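I have placed the structure first, in the form of structure tokens, so that the comments after it can refer back to it.
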Amino acid sequence: MPDSLTANQLVAYNLMRIRKTLGLDQAEAAARLEPYLGVRWSKAVYSAAERSYHGSRVRQFTADDLIALSRAFGVPVAYFFLPPRPGDRENGHGLRSGNVDISWPELFEVMVGGDYRAALLHRVLELPAGERPPANSHAGVVLAQMSANRASAWDGGSAPYTAGDPRLMRAQQAAPADLRPAVVAAIVTSDRGVLVGRRNDATPPWTFIAGEQEPDELPQDTVEREVKEETGVEVAGQQIIGERVHPATGRRMIYVAAAPTHETSLIVGDEAELAEVRWVSLADAEELMGGTMYPPVREYLARVLGSGER
């Protein structure tokens, strides 16, 4: 591998990463892509696209390809230009653009930050109001964060947004349910059963451990963070079991399988939200949740745990 990678090689690498992160084989990934590409990649075409990272024949990804990849796999376009993990780089020390080398830190400036960010908000503000993301939507809040020095032009405020600004939290909370960040539910299983918690506010009384997905966070990352914070158990996020709009709340839900990496002893880590956490059988979980369990989750648990009492 050369000392510097091309942008197309980065896309190929991250195409492989997101597929593996989502637990898909190449045929399944091609099926996800087909509605957005308008064509079905054969296994040979998909494999060649991923091999572009290491190979001498590099696929030239188009702008249409990048939009399709983003929509199919649920990540922003910028995801496909992230640097490889250090262990995967071999001799790749940066990006090569024409005759210019761009270091990994400089690449982030190109994608989302630094002197480039003011131009992003300026262009958005040129659009008719009906074509901009609403200021209280997730995209609007992220744009305001990225363009902090111009935030007053965005929301009428007198000072730019900063990390932890309560206005950001209020904006997210006030957004319509379908524009708020996804809620990721952790379907954690072990030889002790499936992990559930009893909520203090009883809405609902019993539920899987769950939390809002943070910007640029994969669902598996959300699961690992939330379960550790709320139960003290360290887990590894696995495949996505299913997604839906919750019929009661209108929120987008993502259900992710997970398993403990160490101990299975539990604590209540967030006493403001949870009164109790415990391992239960599938039958007990169904009873505690009043028969409202999402069918794909129930089918997954039946395969992993069986349906009997523990």
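Residues in the structure tokens are numbered from 1 in each chain, the chains being A, B, ... in the order shown, and ligands are numbered from 1 in the order shown.
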Near region 291-293 of chain A, within 12 Å and counting only C-alpha atoms, which residues show up once chain neighbours fewer than 6 positions away are dropped, as a list in words? Ala185, Ile187, Val196, Pro204, Pro205, Trp206, Thr207, Phe208, His246, Pro247, Ala248, Tyr255, Leu282, Ala283, Asp284, Ala285, Glu299, Tyr300 and Leu301 of chain A
May I have the residues within 12 Å of Glu34 (chain A) as a PyMOL selection string, using only C-alpha atoms and disregarding those fewer than 6 positions away in the same chain? chain A and resi 27-28+40-42+46+65+68-69+71-73
For CA of Glu109 (chain A) and CA of Arg17 (chain A), the interatomic separation in Å (one decimal): 22.0 Å
